[in-house]
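This is work_1.pdb (PDB, N, CA and C atoms).
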```pdb
ATOM      1  N   TRP A   1     117.754   2.976-149.008
ATOM      2  CA  TRP A   1     118.489   1.786-148.696
ATOM      3  C   TRP A   1     117.563   0.726-148.116
ATOM      4  N   LEU A   2     116.730   1.111-147.179
ATOM      5  CA  LEU A   2     115.845   0.158-146.502
ATOM      6  C   LEU A   2     114.984  -0.618-147.499
ATOM      7  N   ARG A   3     114.339   0.088-148.394
ATOM      8  CA  ARG A   3     113.428  -0.572-149.335
ATOM      9  C   ARG A   3     114.181  -1.500-150.289
ATOM     10  N   ARG A   4     115.357  -1.086-150.732
ATOM     11  CA  ARG A   4     116.142  -1.958-151.624
ATOM     12  C   ARG A   4     116.667  -3.176-150.872
ATOM     13  N   ALA A   5     117.213  -2.959-149.705
ATOM     14  CA  ALA A   5     117.812  -4.063-148.945
ATOM     15  C   ALA A   5     116.758  -5.046-148.447
ATOM     16  N   ALA A   6     115.600  -4.553-148.053
ATOM     17  CA  ALA A   6     114.570  -5.409-147.447
ATOM     18  C   ALA A   6     114.116  -6.529-148.356
ATOM     19  N   VAL A   7     114.116  -6.293-149.659
ATOM     20  CA  VAL A   7     113.616  -7.298-150.590
ATOM     21  C   VAL A   7     114.728  -8.154-151.194
ATOM     22  N   GLY A   8     115.950  -7.931-150.754
ATOM     23  CA  GLY A   8     117.087  -8.664-151.287
ATOM     24  C   GLY A   8     117.298 -10.012-150.609
ATOM     25  N   PRO A   9     118.271 -10.737-151.095
ATOM     26  CA  PRO A   9     118.528 -12.084-150.584
ATOM     27  C   PRO A   9     118.984 -12.131-149.128
ATOM     28  N   ASP A  10     119.667 -11.074-148.666
ATOM     29  CA  ASP A  10     120.159 -11.087-147.287
ATOM     30  C   ASP A  10     119.043 -10.939-146.254
ATOM     31  N   TRP A  11     117.947 -10.304-146.634
ATOM     32  CA  TRP A  11     116.851 -10.079-145.702
ATOM     33  C   TRP A  11     115.634 -10.913-146.079
ATOM     34  N   ALA A  12     114.882 -10.487-147.089
ATOM     35  CA  ALA A  12     113.690 -11.249-147.485
ATOM     36  C   ALA A  12     114.063 -12.659-147.903
ATOM     37  N   GLY A  13     115.182 -12.797-148.600
ATOM     38  CA  GLY A  13     115.623 -14.116-149.023
ATOM     39  C   GLY A  13     115.923 -15.045-147.864
ATOM     40  N   ALA A  14     116.248 -14.455-146.720
ATOM     41  CA  ALA A  14     116.517 -15.237-145.508
ATOM     42  C   ALA A  14     115.288 -15.307-144.601
ATOM     43  N   GLY A  15     114.155 -14.744-145.076
ATOM     44  CA  GLY A  15     112.924 -14.781-144.284
ATOM     45  C   GLY A  15     112.889 -13.764-143.153
ATOM     46  N   ILE A  16     113.694 -12.710-143.268
ATOM     47  CA  ILE A  16     113.779 -11.698-142.200
ATOM     48  C   ILE A  16     113.134 -10.403-142.674
ATOM     49  N   PRO A  17     112.044  -9.967-142.032
ATOM     50  CA  PRO A  17     111.453  -8.685-142.394
ATOM     51  C   PRO A  17     112.334  -7.530-141.913
ATOM     52  N   LEU A  18     112.561  -6.559-142.780
ATOM     53  CA  LEU A  18     113.371  -5.395-142.442
ATOM     54  C   LEU A  18     112.503  -4.154-142.602
ATOM     55  N   ASN A  19     112.269  -3.459-141.505
ATOM     56  CA  ASN A  19     111.429  -2.266-141.480
ATOM     57  C   ASN A  19     112.077  -1.228-140.575
ATOM     58  N   ALA A  20     111.531  -0.032-140.577
ATOM     59  CA  ALA A  20     112.017   1.029-139.700
ATOM     60  C   ALA A  20     110.833   1.732-139.056
ATOM     61  N   VAL A  21     111.063   2.238-137.859
ATOM     62  CA  VAL A  21     110.073   3.061-137.169
ATOM     63  C   VAL A  21     110.653   4.468-137.057
ATOM     64  N   ALA A  22     109.874   5.462-137.480
ATOM     65  CA  ALA A  22     110.295   6.857-137.444
ATOM     66  C   ALA A  22     109.428   7.592-136.420
ATOM     67  N   PRO A  23     109.922   7.714-135.196
ATOM     68  CA  PRO A  23     109.123   8.380-134.165
ATOM     69  C   PRO A  23     109.217   9.897-134.276
ATOM     70  N   GLY A  24     108.210  10.540-133.771
ATOM     71  CA  GLY A  24     108.274  11.985-133.599
ATOM     72  C   GLY A  24     108.937  12.253-132.263
ATOM     73  N   VAL A  25     108.631  13.395-131.671
ATOM     74  CA  VAL A  25     109.150  13.701-130.343
ATOM     75  C   VAL A  25     108.292  12.954-129.336
ATOM     76  N   VAL A  26     108.917  12.075-128.581
ATOM     77  CA  VAL A  26     108.209  11.304-127.565
ATOM     78  C   VAL A  26     108.728  11.700-126.188
ATOM     79  N   ASP A  27     107.949  11.429-125.186
ATOM     80  CA  ASP A  27     108.217  11.883-123.823
ATOM     81  C   ASP A  27     109.269  11.018-123.129
ATOM     82  N   THR A  28     110.531  11.188-123.573
ATOM     83  CA  THR A  28     111.644  10.481-122.944
ATOM     84  C   THR A  28     112.435  11.461-122.094
ATOM     85  N   GLU A  29     113.315  10.927-121.289
ATOM     86  CA  GLU A  29     114.157  11.781-120.448
ATOM     87  C   GLU A  29     115.003  12.717-121.312
ATOM     88  N   THR A  30     115.568  12.193-122.382
ATOM     89  CA  THR A  30     116.403  13.005-123.265
ATOM     90  C   THR A  30     115.589  14.104-123.948
ATOM     91  N   ALA A  31     114.400  13.758-124.449
ATOM     92  CA  ALA A  31     113.547  14.765-125.086
ATOM     93  C   ALA A  31     113.133  15.834-124.079
ATOM     94  N   ARG A  32     112.874  15.416-122.833
ATOM     95  CA  ARG A  32     112.517  16.409-121.816
ATOM     96  C   ARG A  32     113.682  17.358-121.567
ATOM     97  N   ARG A  33     114.875  16.815-121.469
ATOM     98  CA  ARG A  33     116.052  17.630-121.157
ATOM     99  C   ARG A  33     116.354  18.638-122.259
ATOM    100  N   PHE A  34     116.250  18.213-123.527
ATOM    101  CA  PHE A  34     116.685  19.078-124.620
ATOM    102  C   PHE A  34     115.573  19.814-125.349
ATOM    103  N   VAL A  35     114.331  19.355-125.251
ATOM    104  CA  VAL A  35     113.262  19.974-126.035
ATOM    105  C   VAL A  35     112.044  20.321-125.185
ATOM    106  N   ILE A  36     111.467  19.334-124.545
ATOM    107  CA  ILE A  36     110.164  19.493-123.901
ATOM    108  C   ILE A  36     110.194  20.513-122.765
ATOM    109  N   ASP A  37     111.223  20.456-121.916
ATOM    110  CA  ASP A  37     111.287  21.351-120.760
ATOM    111  C   ASP A  37     111.933  22.702-121.054
ATOM    112  N   ASP A  38     112.413  22.902-122.265
ATOM    113  CA  ASP A  38     113.000  24.181-122.671
ATOM    114  C   ASP A  38     111.955  24.908-123.509
ATOM    115  N   PRO A  39     111.343  25.945-122.965
ATOM    116  CA  PRO A  39     110.245  26.611-123.672
ATOM    117  C   PRO A  39     110.588  27.053-125.098
ATOM    118  N   ALA A  40     111.774  27.600-125.309
ATOM    119  CA  ALA A  40     112.154  28.063-126.657
ATOM    120  C   ALA A  40     112.328  26.878-127.605
ATOM    121  N   ALA A  41     112.994  25.843-127.141
ATOM    122  CA  ALA A  41     113.211  24.653-127.985
ATOM    123  C   ALA A  41     111.883  23.972-128.287
ATOM    124  N   ARG A  42     111.024  23.911-127.278
ATOM    125  CA  ARG A  42     109.713  23.274-127.482
ATOM    126  C   ARG A  42     108.893  24.040-128.516
ATOM    127  N   GLU A  43     108.855  25.358-128.382
ATOM    128  CA  GLU A  43     108.098  26.184-129.322
ATOM    129  C   GLU A  43     108.623  25.998-130.748
ATOM    130  N   LEU A  44     109.938  25.981-130.904
ATOM    131  CA  LEU A  44     110.546  25.795-132.210
ATOM    132  C   LEU A  44     110.199  24.416-132.782
ATOM    133  N   MET A  45     110.328  23.374-131.968
ATOM    134  CA  MET A  45     110.046  22.017-132.438
ATOM    135  C   MET A  45     108.571  21.850-132.793
ATOM    136  N   GLU A  46     107.684  22.388-131.978
ATOM    137  CA  GLU A  46     106.254  22.287-132.281
ATOM    138  C   GLU A  46     105.906  23.025-133.577
ATOM    139  N   ALA A  47     106.622  24.110-133.867
ATOM    140  CA  ALA A  47     106.378  24.855-135.104
ATOM    141  C   ALA A  47     106.944  24.113-136.313
ATOM    142  N   MET A  48     108.122  23.516-136.152
ATOM    143  CA  MET A  48     108.771  22.822-137.263
ATOM    144  C   MET A  48     108.168  21.450-137.536
ATOM    145  N   MET A  49     107.751  20.765-136.482
ATOM    146  CA  MET A  49     107.230  19.411-136.632
ATOM    147  C   MET A  49     105.981  19.244-135.765
ATOM    148  N   PRO A  50     104.872  19.843-136.188
ATOM    149  CA  PRO A  50     103.641  19.716-135.410
ATOM    150  C   PRO A  50     103.158  18.268-135.382
ATOM    151  N   GLN A  51     102.699  17.834-134.231
ATOM    152  CA  GLN A  51     102.193  16.476-134.040
ATOM    153  C   GLN A  51     100.718  16.580-133.678
ATOM    154  N   PRO A  52      99.821  16.476-134.656
ATOM    155  CA  PRO A  52      98.400  16.674-134.409
ATOM    156  C   PRO A  52      97.800  15.794-133.311
ATOM    157  N   LEU A  53      98.370  14.619-133.085
ATOM    158  CA  LEU A  53      97.832  13.754-132.026
ATOM    159  C   LEU A  53      98.418  14.051-130.652
ATOM    160  N   GLY A  54      99.284  15.059-130.560
ATOM    161  CA  GLY A  54      99.804  15.456-129.257
ATOM    162  C   GLY A  54     101.309  15.589-129.234
ATOM    163  N   PHE A  55     101.762  16.480-128.405
ATOM    164  CA  PHE A  55     103.183  16.760-128.232
ATOM    165  C   PHE A  55     103.471  16.868-126.751
ATOM    166  N   PRO A  56     104.369  16.090-126.235
ATOM    167  CA  PRO A  56     105.109  15.007-126.875
ATOM    168  C   PRO A  56     104.262  13.745-126.984
ATOM    169  N   GLY A  57     104.718  12.825-127.796
ATOM    170  CA  GLY A  57     104.012  11.562-127.960
ATOM    171  C   GLY A  57     104.312  10.597-126.817
ATOM    172  N   PRO A  58     103.450   9.595-126.638
ATOM    173  CA  PRO A  58     103.665   8.616-125.572
ATOM    174  C   PRO A  58     104.713   7.569-125.976
ATOM    175  N   VAL A  59     105.633   7.318-125.084
ATOM    176  CA  VAL A  59     106.683   6.328-125.313
ATOM    177  C   VAL A  59     106.080   4.956-125.609
ATOM    178  N   GLU A  60     105.016   4.611-124.901
ATOM    179  CA  GLU A  60     104.415   3.279-125.039
ATOM    180  C   GLU A  60     103.951   2.999-126.462
ATOM    181  N   ALA A  61     103.447   4.003-127.148
ATOM    182  CA  ALA A  61     102.960   3.814-128.518
ATOM    183  C   ALA A  61     104.099   3.435-129.459
ATOM    184  N   VAL A  62     105.236   4.095-129.316
ATOM    185  CA  VAL A  62     106.393   3.791-130.158
ATOM    186  C   VAL A  62     106.992   2.449-129.755
ATOM    187  N   ALA A  63     107.091   2.202-128.458
ATOM    188  CA  ALA A  63     107.665   0.939-127.982
ATOM    189  C   ALA A  63     106.852  -0.259-128.442
ATOM    190  N   SER A  64     105.533  -0.159-128.386
ATOM    191  CA  SER A  64     104.712  -1.297-128.807
ATOM    192  C   SER A  64     104.813  -1.523-130.308
ATOM    193  N   LEU A  65     104.963  -0.458-131.082
ATOM    194  CA  LEU A  65     105.149  -0.612-132.522
ATOM    195  C   LEU A  65     106.490  -1.286-132.823
ATOM    196  N   LEU A  66     107.537  -0.850-132.147
ATOM    197  CA  LEU A  66     108.847  -1.487-132.310
ATOM    198  C   LEU A  66     108.787  -2.961-131.931
ATOM    199  N   ALA A  67     108.136  -3.259-130.825
ATOM    200  CA  ALA A  67     108.027  -4.649-130.380
ATOM    201  C   ALA A  67     107.304  -5.494-131.419
ATOM    202  N   TRP A  68     106.244  -4.952-132.011
ATOM    203  CA  TRP A  68     105.516  -5.728-133.018
ATOM    204  C   TRP A  68     106.367  -5.979-134.259
ATOM    205  N   THR A  69     107.138  -4.979-134.692
ATOM    206  CA  THR A  69     107.916  -5.155-135.923
ATOM    207  C   THR A  69     108.944  -6.269-135.807
ATOM    208  N   VAL A  70     109.406  -6.570-134.599
ATOM    209  CA  VAL A  70     110.398  -7.641-134.423
ATOM    210  C   VAL A  70     109.777  -8.916-133.860
ATOM    211  N   SER A  71     108.459  -8.945-133.759
ATOM    212  CA  SER A  71     107.772 -10.111-133.197
ATOM    213  C   SER A  71     107.426 -11.122-134.290
ATOM    214  N   PRO A  72     107.104 -12.357-133.898
ATOM    215  CA  PRO A  72     106.654 -13.348-134.870
ATOM    216  C   PRO A  72     105.377 -12.916-135.600
ATOM    217  N   GLY A  73     104.609 -12.005-135.014
ATOM    218  CA  GLY A  73     103.396 -11.513-135.655
ATOM    219  C   GLY A  73     103.669 -10.752-136.939
ATOM    220  N   ASN A  74     104.878 -10.227-137.076
ATOM    221  CA  ASN A  74     105.254  -9.528-138.306
ATOM    222  C   ASN A  74     106.041 -10.488-139.187
ATOM    223  N   ALA A  75     105.332 -11.265-139.938
ATOM    224  CA  ALA A  75     105.977 -12.220-140.833
ATOM    225  C   ALA A  75     105.790 -11.848-142.301
ATOM    226  N   PHE A  76     105.077 -10.742-142.584
ATOM    227  CA  PHE A  76     104.721 -10.485-143.973
ATOM    228  C   PHE A  76     104.825  -9.008-144.367
ATOM    229  N   MET A  77     105.430  -8.182-143.533
ATOM    230  CA  MET A  77     105.631  -6.778-143.882
ATOM    231  C   MET A  77     107.125  -6.521-143.929
ATOM    232  N   THR A  78     107.591  -5.974-145.033
ATOM    233  CA  THR A  78     109.013  -5.656-145.144
ATOM    234  C   THR A  78     109.208  -4.436-146.025
ATOM    235  N   GLY A  79     110.296  -3.734-145.786
ATOM    236  CA  GLY A  79     110.634  -2.570-146.588
ATOM    237  C   GLY A  79     109.829  -1.325-146.270
ATOM    238  N   GLN A  80     109.252  -1.257-145.084
ATOM    239  CA  GLN A  80     108.366  -0.143-144.741
ATOM    240  C   GLN A  80     108.975   0.768-143.681
ATOM    241  N   ILE A  81     108.663   2.036-143.796
ATOM    242  CA  ILE A  81     108.986   3.005-142.750
ATOM    243  C   ILE A  81     107.666   3.345-142.083
ATOM    244  N   LEU A  82     107.557   3.039-140.811
ATOM    245  CA  LEU A  82     106.324   3.274-140.053
ATOM    246  C   LEU A  82     106.496   4.553-139.229
ATOM    247  N   TYR A  83     105.710   5.546-139.551
ATOM    248  CA  TYR A  83     105.799   6.832-138.858
ATOM    249  C   TYR A  83     104.910   6.800-137.624
ATOM    250  N   ALA A  84     105.543   6.876-136.467
ATOM    251  CA  ALA A  84     104.825   6.965-135.191
ATOM    252  C   ALA A  84     105.123   8.354-134.643
ATOM    253  N   ASP A  85     104.593   9.343-135.328
ATOM    254  CA  ASP A  85     104.971  10.728-135.059
ATOM    255  C   ASP A  85     103.778  11.642-134.793
ATOM    256  N   GLY A  86     102.682  11.056-134.379
ATOM    257  CA  GLY A  86     101.509  11.861-134.058
ATOM    258  C   GLY A  86     100.883  12.551-135.251
ATOM    259  N   GLY A  87     101.229  12.117-136.456
ATOM    260  CA  GLY A  87     100.664  12.707-137.662
ATOM    261  C   GLY A  87     101.542  13.746-138.329
ATOM    262  N   ALA A  88     102.745  13.981-137.806
ATOM    263  CA  ALA A  88     103.617  15.022-138.358
ATOM    264  C   ALA A  88     103.955  14.769-139.824
ATOM    265  N   GLU A  89     104.353  13.565-140.161
ATOM    266  CA  GLU A  89     104.735  13.257-141.537
ATOM    267  C   GLU A  89     103.559  13.448-142.484
ATOM    268  N   ALA A  90     102.399  12.991-142.084
ATOM    269  CA  ALA A  90     101.210  13.152-142.925
ATOM    270  C   ALA A  90     100.829  14.623-143.103
ATOM    271  N   LEU A  91     100.971  15.397-142.057
ATOM    272  CA  LEU A  91     100.641  16.828-142.125
ATOM    273  C   LEU A  91     101.642  17.580-142.995
ATOM    274  N   LEU A  92     102.917  17.301-142.790
ATOM    275  CA  LEU A  92     103.959  18.056-143.487
ATOM    276  C   LEU A  92     104.158  17.620-144.935
ATOM    277  N   ARG A  93     103.795  16.374-145.240
ATOM    278  CA  ARG A  93     103.976  15.866-146.605
ATOM    279  C   ARG A  93     102.642  15.455-147.219
ATOM    280  N   ALA A  94     101.631  16.239-146.977
ATOM    281  CA  ALA A  94     100.278  15.901-147.434
ATOM    282  C   ALA A  94     100.254  15.600-148.859
TER     283      ALA A  94
END
```

Could I get this file's structure written as structure tokens?
Amino acid sequence: WLRRAAVGPDWAGAGIPLNAVAPGVVDTETARRFVIDDPAARELMEAMMPQPLGFPGPVEAVASLLAWTVSPGNAFMTGQILYADGGAEALLRA
């Protein structure tokens, strides 16, 4: 949907870049409560979605990417899914 909609008249036609950010597990309060601080859940998540750059990921890295995608600096990228997942997508879908 994202790629089709991003280049259509409602988005690109209106000069609005439409993109998505796909984060991995980042060090948020919710992730700590349900995954990071639960040894069994953490082990399972690390096995299912390994993040070569570290587990959990830093919130700041995802937040700054989100901020850039909606900033005036992003005037020419549309229809993209940006994986901020510590390398999980690249590893799992090599």

If we count only C-alpha atoms and set the cut-off at 9 Å, which residues sit around range 28-44 of chain A, ignoring sequence neighbours fewer than 4 positions away in its own chain? Please answer as an mmCIF file with N, CA and C atoms, in the coordinates of the input.
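Output saved as result-v5.cif:
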```
data_model
loop_
_atom_site.group_PDB
_atom_site.id
_atom_site.type_symbol
_atom_site.label_atom_id
_atom_site.label_comp_id
_atom_site.auth_asym_id
_atom_site.auth_seq_id
_atom_site.Cartn_x
_atom_site.Cartn_y
_atom_site.Cartn_z
ATOM 1 N N MET A 48 108.122 23.516 -136.152
ATOM 2 C CA MET A 48 108.771 22.822 -137.263
ATOM 3 C C MET A 48 108.168 21.450 -137.536
ATOM 4 N N MET A 49 107.751 20.765 -136.482
ATOM 5 C CA MET A 49 107.230 19.411 -136.632
ATOM 6 C C MET A 49 105.981 19.244 -135.765
ATOM 7 N N PHE A 55 101.762 16.480 -128.405
ATOM 8 C CA PHE A 55 103.183 16.760 -128.232
ATOM 9 C C PHE A 55 103.471 16.868 -126.751
ATOM 10 N N PRO A 56 104.369 16.090 -126.235
ATOM 11 C CA PRO A 56 105.109 15.007 -126.875
ATOM 12 C C PRO A 56 104.262 13.745 -126.984
ATOM 13 N N PRO A 58 103.450 9.595 -126.638
ATOM 14 C CA PRO A 58 103.665 8.616 -125.572
ATOM 15 C C PRO A 58 104.713 7.569 -125.976
ATOM 16 N N VAL A 59 105.633 7.318 -125.084
ATOM 17 C CA VAL A 59 106.683 6.328 -125.313
ATOM 18 C C VAL A 59 106.080 4.956 -125.609
#
```

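One finds CA of Arg4 in chain A at 23.8 Å from atom C of Ala94 in chain A.
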
Mind checking DSSP for chain A and telling me the strand (DSSP E) residues as a ChimeraX atom specification? /A:20-23,81-84

Just-selected residues, N, CA and C atoms written as a PDB file, in the frame of the given file:
```pdb
ATOM      1  N   ALA A  20     111.531  -0.032-140.577  1.00  0.00           N
ATOM      2  CA  ALA A  20     112.017   1.029-139.700  1.00  0.00           C
ATOM      3  C   ALA A  20     110.833   1.732-139.056  1.00  0.00           C
ATOM      4  N   VAL A  21     111.063   2.238-137.859  1.00  0.00           N
ATOM      5  CA  VAL A  21     110.073   3.061-137.169  1.00  0.00           C
ATOM      6  C   VAL A  21     110.653   4.468-137.057  1.00  0.00           C
ATOM      7  N   ALA A  22     109.874   5.462-137.480  1.00  0.00           N
ATOM      8  CA  ALA A  22     110.295   6.857-137.444  1.00  0.00           C
ATOM      9  C   ALA A  22     109.428   7.592-136.420  1.00  0.00           C
ATOM     10  N   PRO A  23     109.922   7.714-135.196  1.00  0.00           N
ATOM     11  CA  PRO A  23     109.123   8.380-134.165  1.00  0.00           C
ATOM     12  C   PRO A  23     109.217   9.897-134.276  1.00  0.00           C
ATOM     13  N   ILE A  81     108.663   2.036-143.796  1.00  0.00           N
ATOM     14  CA  ILE A  81     108.986   3.005-142.750  1.00  0.00           C
ATOM     15  C   ILE A  81     107.666   3.345-142.083  1.00  0.00           C
ATOM     16  N   LEU A  82     107.557   3.039-140.811  1.00  0.00           N
ATOM     17  CA  LEU A  82     106.324   3.274-140.053  1.00  0.00           C
ATOM     18  C   LEU A  82     106.496   4.553-139.229  1.00  0.00           C
ATOM     19  N   TYR A  83     105.710   5.546-139.551  1.00  0.00           N
ATOM     20  CA  TYR A  83     105.799   6.832-138.858  1.00  0.00           C
ATOM     21  C   TYR A  83     104.910   6.800-137.624  1.00  0.00           C
ATOM     22  N   ALA A  84     105.543   6.876-136.467  1.00  0.00           N
ATOM     23  CA  ALA A  84     104.825   6.965-135.191  1.00  0.00           C
ATOM     24  C   ALA A  84     105.123   8.354-134.643  1.00  0.00           C
TER      25      ALA A  84
END
```

At what distance in Å, to one decimal, does CA of Ala6 in chain A lie from CA of Ala22 in chain A?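 Taking CA of Ala22 in chain A and CA of Ala6 in chain A, their separation equals 16.4 Å.
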
In Å and to one decimal, atom N of Phe76 in chain A is distant from atom N of Pro17 in chain A by 7.0 Å

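For the file at hand, the PyMOL selection byres ((chain A and resi 3) around 8) resolves to Trp1, Leu2, Arg4, Ala5, Ala6, Val7, Gly8, Leu18, Asn19, Thr78, Gly79, Gln80 and Ile81 of chain A.
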
Please produce an output containing N, CA and C atoms for each residue in the selection, written as a tab-separated table (two decimals), keeping the file's coordinate frame.
```
chain	number	residue	atom	x	y	z
A	1	TRP	N	117.75	2.98	-149.01
A	1	TRP	CA	118.49	1.79	-148.70
A	1	TRP	C	117.56	0.73	-148.12
A	2	LEU	N	116.73	1.11	-147.18
A	2	LEU	CA	115.84	0.16	-146.50
A	2	LEU	C	114.98	-0.62	-147.50
A	4	ARG	N	115.36	-1.09	-150.73
A	4	ARG	CA	116.14	-1.96	-151.62
A	4	ARG	C	116.67	-3.18	-150.87
A	5	ALA	N	117.21	-2.96	-149.71
A	5	ALA	CA	117.81	-4.06	-148.94
A	5	ALA	C	116.76	-5.05	-148.45
A	6	ALA	N	115.60	-4.55	-148.05
A	6	ALA	CA	114.57	-5.41	-147.45
A	6	ALA	C	114.12	-6.53	-148.36
A	7	VAL	N	114.12	-6.29	-149.66
A	7	VAL	CA	113.62	-7.30	-150.59
A	7	VAL	C	114.73	-8.15	-151.19
A	8	GLY	N	115.95	-7.93	-150.75
A	8	GLY	CA	117.09	-8.66	-151.29
A	8	GLY	C	117.30	-10.01	-150.61
A	18	LEU	N	112.56	-6.56	-142.78
A	18	LEU	CA	113.37	-5.40	-142.44
A	18	LEU	C	112.50	-4.15	-142.60
A	19	ASN	N	112.27	-3.46	-141.50
A	19	ASN	CA	111.43	-2.27	-141.48
A	19	ASN	C	112.08	-1.23	-140.57
A	78	THR	N	107.59	-5.97	-145.03
A	78	THR	CA	109.01	-5.66	-145.14
A	78	THR	C	109.21	-4.44	-146.02
A	79	GLY	N	110.30	-3.73	-145.79
A	79	GLY	CA	110.63	-2.57	-146.59
A	79	GLY	C	109.83	-1.32	-146.27
A	80	GLN	N	109.25	-1.26	-145.08
A	80	GLN	CA	108.37	-0.14	-144.74
A	80	GLN	C	108.98	0.77	-143.68
A	81	ILE	N	108.66	2.04	-143.80
A	81	ILE	CA	108.99	3.00	-142.75
A	81	ILE	C	107.67	3.34	-142.08
```

Name every residue that the PyMOL selection byres (((chain A and resi 83 and name CA) around 8) and name CA) selects in this structure, writing the answer as a list in words with chains first and numbers rising. Val21, Ala22, Pro23, Gly24, Ile81, Leu82, Ala84, Asp85, Gly87 and Glu89 of chain A

Write out as a ChimeraX atom specification all residues of chain A that DSSP puts in alpha helix (DSSP H) for this structure's backbone. /A:2-6,29-31,39-48,59-69,88-92
